[in-house]
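This is run-v5.txt. It holds compact mmCIF, C-alpha atoms.
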# COMPACT_ATOMS: atom_id res chain seq x y z
CA MET A 444 92.44 -102.20 -142.39
CA LEU A 445 89.69 -104.16 -144.13
CA ILE A 446 87.06 -102.01 -145.83
CA ARG A 447 84.19 -104.13 -147.02
CA LYS A 448 82.91 -102.75 -150.34
CA PRO A 449 79.17 -102.50 -150.96
CA SER A 450 77.65 -105.42 -152.86
CA VAL A 451 74.22 -104.00 -153.76
CA ALA A 452 74.76 -100.23 -154.05
CA GLY A 453 73.38 -98.99 -157.34
CA SER A 454 70.93 -101.88 -157.59
CA TRP A 455 69.14 -102.45 -154.29
CA TYR A 456 69.58 -98.81 -153.29
CA PRO A 457 70.89 -95.66 -155.01
CA GLY A 458 74.60 -95.62 -155.73
CA SER A 459 75.28 -91.93 -155.03
CA ALA A 460 75.11 -90.11 -151.70
CA PRO A 461 72.65 -87.38 -152.87
CA ALA A 462 70.25 -89.89 -154.40
CA LEU A 463 70.49 -92.18 -151.39
CA ALA A 464 69.85 -89.33 -148.94
CA ALA A 465 66.82 -88.26 -150.98
CA ALA A 466 65.42 -91.80 -150.91
CA VAL A 467 65.94 -92.22 -147.16
CA ASN A 468 64.39 -88.84 -146.44
CA ARG A 469 61.42 -89.68 -148.67
CA TYR A 470 60.67 -92.78 -146.62
CA LEU A 471 61.15 -90.98 -143.32
CA ALA A 472 59.09 -87.91 -144.23
CA PRO A 473 55.55 -89.22 -143.58
CA ILE A 474 56.45 -90.83 -140.23
CA ASP A 475 56.02 -88.74 -137.10
CA ARG A 476 55.53 -91.39 -134.42
CA ASP A 477 58.10 -91.55 -131.64
CA LEU A 478 58.25 -93.59 -128.46
CA ASP A 479 59.24 -91.82 -125.27
CA GLY A 480 61.82 -93.66 -123.22
CA GLY A 481 64.89 -95.78 -123.78
CA LEU A 482 65.45 -97.60 -127.07
CA VAL A 483 67.51 -100.80 -126.85
CA ALA A 484 66.85 -102.58 -130.15
CA ILE A 485 65.03 -102.40 -133.45
CA VAL A 486 63.92 -105.09 -135.90
CA CYS A 487 64.04 -104.11 -139.58
CA PRO A 488 63.72 -105.73 -143.01
CA HIS A 489 66.55 -105.93 -145.53
CA ALA A 490 65.04 -106.12 -149.02
CA GLY A 491 65.69 -103.61 -151.78
CA LEU A 492 65.15 -100.10 -150.45
CA MET A 493 62.08 -99.38 -152.59
CA TYR A 494 60.35 -102.41 -151.06
CA SER A 495 61.49 -102.48 -147.43
CA GLY A 496 62.48 -98.84 -146.94
CA PRO A 497 58.93 -97.61 -146.23
CA VAL A 498 58.70 -100.19 -143.41
CA ALA A 499 62.23 -99.88 -142.01
CA ALA A 500 61.76 -96.11 -141.77
CA HIS A 501 59.22 -96.61 -138.97
CA ALA A 502 61.95 -98.12 -136.76
CA TYR A 503 64.81 -95.88 -137.86
CA ARG A 504 62.66 -92.79 -137.27
CA LEU A 505 63.20 -93.50 -133.56
CA LEU A 506 66.93 -92.71 -133.89
CA ARG A 507 66.18 -89.01 -134.23
CA ASP A 508 67.19 -87.19 -131.01
CA ARG A 509 68.82 -90.37 -129.68
CA ARG A 510 72.57 -90.98 -129.58
CA PHE A 511 74.37 -94.31 -129.74
CA GLU A 512 78.07 -95.11 -129.63
CA VAL A 513 77.73 -98.39 -131.50
CA ALA A 514 75.11 -100.26 -133.50
CA VAL A 515 75.40 -104.03 -133.34
CA LEU A 516 73.92 -105.44 -136.55
CA VAL A 517 72.75 -109.06 -136.47
CA GLY A 518 71.50 -110.65 -139.67
CA PRO A 519 71.27 -113.96 -141.52
CA ALA A 520 73.88 -115.27 -143.94
CA HIS A 521 72.12 -115.94 -147.23
CA PHE A 522 75.07 -117.14 -149.33
CA VAL A 523 77.54 -118.98 -147.05
CA GLY A 524 76.69 -121.89 -144.76
CA PHE A 525 78.58 -122.21 -141.47
CA GLU A 526 78.14 -122.90 -137.78
CA GLY A 527 78.08 -120.01 -135.35
CA VAL A 528 78.26 -116.30 -136.04
CA ALA A 529 80.62 -114.49 -138.42
CA ILE A 530 82.16 -111.17 -137.45
CA VAL A 531 84.40 -108.66 -139.17
CA PRO A 532 86.39 -107.46 -136.13
CA SER A 533 87.88 -104.22 -137.47
CA GLY A 534 87.91 -101.89 -140.44
CA GLY A 535 84.61 -100.73 -141.89
CA PHE A 536 81.73 -101.18 -144.30
CA GLU A 537 81.54 -98.75 -147.20
CA THR A 538 78.38 -97.27 -148.75
CA PRO A 539 77.77 -94.13 -150.82
CA PHE A 540 77.58 -92.27 -147.50
CA GLY A 541 81.18 -93.26 -146.68
CA VAL A 542 82.67 -95.85 -144.38
CA ALA A 543 80.77 -97.08 -141.31
CA ARG A 544 83.66 -97.82 -138.99
CA ILE A 545 83.73 -101.01 -136.96
CA ASP A 546 84.12 -100.60 -133.21
CA ALA A 547 87.09 -102.94 -132.79
CA ALA A 548 87.02 -102.80 -128.98
CA CYS A 549 83.34 -103.71 -128.85
CA ALA A 550 83.83 -106.43 -131.46
CA ALA A 551 86.62 -107.95 -129.37
CA ASP A 552 84.40 -107.91 -126.29
CA VAL A 553 81.62 -109.64 -128.24
CA MET A 554 84.03 -112.38 -129.35
CA ASP A 555 85.25 -112.82 -125.78
CA ALA A 556 81.70 -112.99 -124.41
CA ALA A 557 80.21 -115.28 -127.06
CA THR A 558 82.37 -118.17 -128.19
CA VAL A 559 79.99 -118.82 -131.12
CA VAL A 560 81.29 -115.58 -132.69
CA ARG A 561 84.43 -115.89 -134.80
CA GLU A 562 86.16 -114.06 -137.62
CA HIS A 563 84.77 -115.00 -141.02
CA PRO A 564 85.13 -111.97 -143.33
CA THR A 565 84.32 -113.88 -146.51
CA ALA A 566 80.79 -114.59 -145.24
CA HIS A 567 80.17 -110.84 -145.44
CA VAL A 568 81.41 -110.18 -148.98
CA ARG A 569 78.14 -110.74 -150.88
CA GLU A 570 75.73 -110.46 -147.96
CA HIS A 571 73.03 -107.77 -148.12
CA SER A 572 71.25 -108.30 -144.78
CA LEU A 573 73.55 -105.93 -142.89
CA GLU A 574 74.38 -103.63 -145.79
CA MET A 575 70.70 -102.75 -146.21
CA GLN A 576 70.64 -101.34 -142.65
CA LEU A 577 73.45 -98.89 -143.35
CA PRO A 578 71.66 -96.25 -145.45
CA PHE A 579 69.24 -95.43 -142.63
CA LEU A 580 71.82 -95.94 -139.90
CA GLN A 581 74.51 -93.74 -141.46
CA HIS A 582 71.98 -91.05 -142.34
CA LEU A 583 70.43 -90.83 -138.87
CA ALA A 584 73.38 -91.84 -136.65
CA PRO A 585 76.47 -90.90 -138.66
CA ASP A 586 78.78 -90.98 -135.63
CA ALA A 587 77.82 -94.47 -134.47
CA MET A 588 80.29 -97.24 -135.15
CA ILE A 589 79.10 -100.74 -135.99
CA VAL A 590 79.71 -104.37 -135.08
CA PRO A 591 78.64 -106.63 -138.00
CA LEU A 592 77.40 -110.14 -137.15
CA LEU A 593 76.03 -112.78 -139.50
CA MET A 594 74.38 -115.92 -138.16
CA GLY A 595 75.06 -119.08 -140.15
CA HIS A 596 72.96 -122.14 -139.31
CA GLN A 597 70.16 -120.70 -137.19
CA ASN A 598 69.72 -123.12 -134.34
CA ALA A 599 68.39 -122.31 -130.90
CA ASP A 600 71.72 -122.91 -129.14
CA THR A 601 73.48 -120.34 -131.36
CA ALA A 602 70.73 -117.77 -130.85
CA ASP A 603 70.80 -118.28 -127.08
CA ALA A 604 74.59 -118.07 -126.84
CA LEU A 605 74.73 -114.97 -129.00
CA GLY A 606 72.00 -113.24 -127.02
CA GLU A 607 73.73 -113.91 -123.72
CA GLY A 608 77.12 -112.88 -125.08
CA LEU A 609 75.79 -109.64 -126.54
CA ALA A 610 74.19 -108.72 -123.24
CA ARG A 611 77.50 -109.22 -121.41
CA ALA A 612 79.54 -107.33 -123.99
CA LEU A 613 77.17 -104.37 -124.35
CA ARG A 614 76.37 -103.73 -120.71
CA GLY A 615 77.52 -100.20 -119.91
CA ARG A 616 77.76 -99.15 -123.56
CA ARG A 617 75.41 -96.80 -125.40
CA ALA A 618 74.53 -99.49 -127.90
CA LEU A 619 71.69 -100.10 -130.31
CA LEU A 620 70.91 -103.68 -131.32
CA VAL A 621 69.57 -104.15 -134.85
CA ALA A 622 67.97 -107.44 -135.92
CA SER A 623 67.78 -107.70 -139.70
CA THR A 624 65.03 -109.95 -141.03
CA ASP A 625 62.40 -110.28 -143.68
CA LEU A 626 59.38 -112.45 -142.93
CA SER A 627 57.79 -115.12 -145.14
CA HIS A 628 58.92 -115.42 -148.76
CA TYR A 629 56.97 -115.90 -152.01
CA GLN A 630 53.58 -116.86 -150.62
CA ASN A 631 50.38 -115.19 -151.75
CA ALA A 632 49.54 -112.18 -149.60
CA ASP A 633 46.86 -113.90 -147.52
CA THR A 634 49.11 -116.87 -146.71
CA ALA A 635 52.01 -114.54 -145.99
CA ALA A 636 49.91 -112.51 -143.59
CA ARG A 637 48.98 -115.66 -141.65
CA LEU A 638 52.60 -116.83 -141.44
CA ASP A 639 53.87 -113.38 -140.59
CA ARG A 640 51.28 -112.92 -137.85
CA VAL A 641 53.09 -115.59 -135.82
CA VAL A 642 56.29 -113.53 -135.79
CA ILE A 643 54.43 -110.26 -135.23
CA ASP A 644 52.57 -111.69 -132.25
CA CYS A 645 55.72 -113.12 -130.66
CA VAL A 646 57.64 -109.87 -131.09
CA SER A 647 54.77 -107.73 -129.81
CA ARG A 648 54.57 -109.95 -126.71
CA PHE A 649 58.38 -109.77 -126.33
CA ASP A 650 58.28 -113.55 -126.35
CA ALA A 651 61.65 -114.83 -127.56
CA ASP A 652 60.86 -118.35 -126.36
CA GLY A 653 57.65 -118.40 -128.38
CA LEU A 654 59.39 -117.11 -131.48
CA GLN A 655 62.14 -119.71 -131.17
CA ALA A 656 59.54 -122.46 -130.78
CA ALA A 657 57.68 -121.26 -133.88
CA LEU A 658 60.88 -121.10 -135.91
CA THR A 659 61.87 -124.60 -134.83
CA VAL A 660 58.66 -125.90 -136.39
CA ARG A 661 58.64 -123.59 -139.43
CA PRO A 662 61.92 -121.75 -140.09
CA GLU A 663 60.36 -120.10 -143.14
CA HIS A 664 58.47 -117.69 -140.87
CA ALA A 665 61.50 -115.36 -141.08
CA CYS A 666 64.86 -115.57 -142.86
CA GLY A 667 66.44 -113.74 -139.91
CA GLY A 668 64.49 -115.47 -137.19
CA GLY A 669 67.60 -116.60 -135.30
CA PRO A 670 69.11 -113.09 -135.27
CA THR A 671 65.77 -111.72 -134.07
CA VAL A 672 65.62 -114.21 -131.19
CA ALA A 673 69.22 -113.38 -130.22
CA VAL A 674 68.52 -109.63 -130.24
CA MET A 675 65.33 -110.07 -128.22
CA ARG A 676 67.19 -112.14 -125.62
CA ALA A 677 70.04 -109.64 -125.39
CA ALA A 678 67.66 -106.69 -125.13
CA GLY A 679 65.75 -108.36 -122.31
CA GLN A 680 68.94 -109.07 -120.38
CA LEU A 681 69.96 -105.44 -120.89
CA GLY A 682 66.77 -104.34 -119.13
CA ALA A 683 64.26 -103.82 -121.93
CA ARG A 684 60.68 -104.63 -120.97
CA ASP A 685 58.60 -103.47 -123.95
CA ALA A 686 58.28 -104.46 -127.59
CA VAL A 687 56.17 -102.61 -130.15
CA VAL A 688 55.50 -103.65 -133.74
CA LEU A 689 55.49 -100.36 -135.63
CA ASN A 690 54.59 -101.37 -139.18
CA TYR A 691 53.91 -104.35 -141.43
CA ALA A 692 53.66 -104.57 -145.21
CA ASP A 693 54.55 -106.88 -148.05
CA SER A 694 56.34 -106.45 -151.34
CA GLY A 695 53.06 -106.49 -153.24
CA ASP A 696 52.19 -103.13 -151.70
CA VAL A 697 54.91 -101.69 -153.93
CA SER A 698 54.94 -104.08 -156.91
CA GLY A 699 51.20 -104.60 -157.12
CA ASP A 700 51.76 -108.38 -157.39
CA LYS A 701 50.06 -110.06 -154.45
CA SER A 702 50.57 -113.61 -155.77
CA ALA A 703 54.10 -114.10 -154.37
CA VAL A 704 55.17 -111.60 -151.74
CA VAL A 705 57.84 -111.07 -149.10
CA GLY A 706 56.70 -109.82 -145.69
CA TYR A 707 58.33 -106.90 -143.88
CA MET A 708 58.05 -105.81 -140.24
CA ALA A 709 59.50 -102.95 -138.22
CA ALA A 710 59.60 -103.16 -134.43
CA ALA A 711 61.18 -101.43 -131.45
CA ILE A 712 62.33 -102.89 -128.12
CA GLY A 713 63.13 -100.85 -125.03
CA ASN A 714 61.51 -99.16 -122.06
CA PHE A 715 58.78 -96.90 -123.36
CA ASP A 716 56.72 -94.45 -121.34
CA THR A 717 53.75 -93.71 -123.61
CA LEU A 718 52.38 -97.06 -124.69
CA HIS A 719 48.62 -97.46 -124.83
CA HIS A 720 46.89 -100.47 -123.32
CA GLY A 721 47.52 -103.46 -125.53
CA GLU A 722 50.78 -102.13 -126.95
CA ARG A 723 52.97 -103.12 -124.05
CA GLY A 724 54.47 -106.58 -124.38
CA GLY A 725 55.37 -108.82 -121.49
CA HIS A 726 59.06 -109.73 -121.31
CA ARG A 727 59.50 -113.44 -121.76
CA GLY A 728 62.87 -113.24 -123.54

Show the structure stored in the file as structure tokens.
Amino acid sequence: MLIRKPSVAGSWYPGSAPALAAAVNRYLAPIDRDLDGGLVAIVCPHAGLMYSGPVAAHAYRLLRDRRFEVAVLVGPAHFVGFEGVAIVPSGGFETPFGVARIDAACAADVMDAATVVREHPTAHVREHSLEMQLPFLQHLAPDAMIVPLLMGHQNADTADALGEGLARALRGRRALLVASTDLSHYQNADTAARLDRVVIDCVSRFDADGLQAALTVRPEHACGGGPTVAVMRAAGQLGARDAVVLNYADSGDVSGDKSAVVGYMAAAIGNFDTLHHGERGGHRG
């Protein structure tokens, strides 16, 4: 059984379980907002925990009092170039909290439903985009298994095929979709905010077509733009109708350096009962 060892524990996040739990709890503590109704997907950043944790916590806070059998993690491959989507079909991913077990049955169904998904374990060895979701996920949903997916070259056809395949494979399962993405990279804060607003607006409108069109023109809007489009499409086909952007920040809010920042967004997708006017997005996924 393949157990993927952590690549950034002890550097991007604390390397011991007590210290990691304290950090996660610290980011969760000031957040009290919940959304009544069904949660289908979240969108979260994947930078070092001290930078992206305060933002990701707004989405992961919604896991309290909700139960999922499996979390399907979809992120970008930063280090290995390939066509399609790389999966580890069995085994687990290790962190200081222990091993997040892979749902082999669900992984097999995903591979059957989406031919763009294939085994490629080496693509996962150094990758942080999924690993950075695990501290919050294991802390708040310790019984949930995972399905780890990395998108290689992020073209529209791959995002569409993955979204459709995920919807087929997950129908009838108590599944949470997680899109892992940071937004613009190394712009000054004002420029970053303008670039990031494009993604924020598309997500808040639940407009996967609009997001894909924006990424086709400027892929630098989001390093995990393709995974986000795929998750939005799958969530819509699974019945989600609402999307809410919960929080936005940039790395300069922590570092104090606003000259070259990375943007971070947290969002939730589902069927929510308590949205105010203007919060509810129209499904165009």

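If only C-alpha atoms are the atoms counted, then among A:Val560, A:Val590, A:Ala520, A:Met575 the closest residue to Asp546 of chain A is A:Val590.
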
Which residues, written as a PyMOL selection string, have at least one atom at most 7 Å from segment 670-677 of chain A, with all atoms listed in the file counted and residues fewer than 5 positions away on the same chain left out? chain A and resi 517-519+594+602-603+605-607+609-610+620+622+651+654-655+728

Shell around Glu663 of chain A at 8 Å using only C-alpha atoms, local window under 2 positions removed, as a PyMOL selection string: chain A and resi 626-628+658+661+665-666

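Our summary of the geometry notes that atom CA of Gly534 of chain A is positioned 25.8 Å from atom CA of Ala678 of chain A.
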
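Counting all atoms listed in the file, the residue from A:Pro539, A:Gly491, A:Gly527, A:Pro473 that sits nearest to Gly458 of chain A is A:Pro539.
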
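Using all atoms listed in the file, the smallest distance between any of A:Leu506, A:Leu445, A:Cys549, A:Leu593 and Ala529 of chain A comes from A:Leu593.
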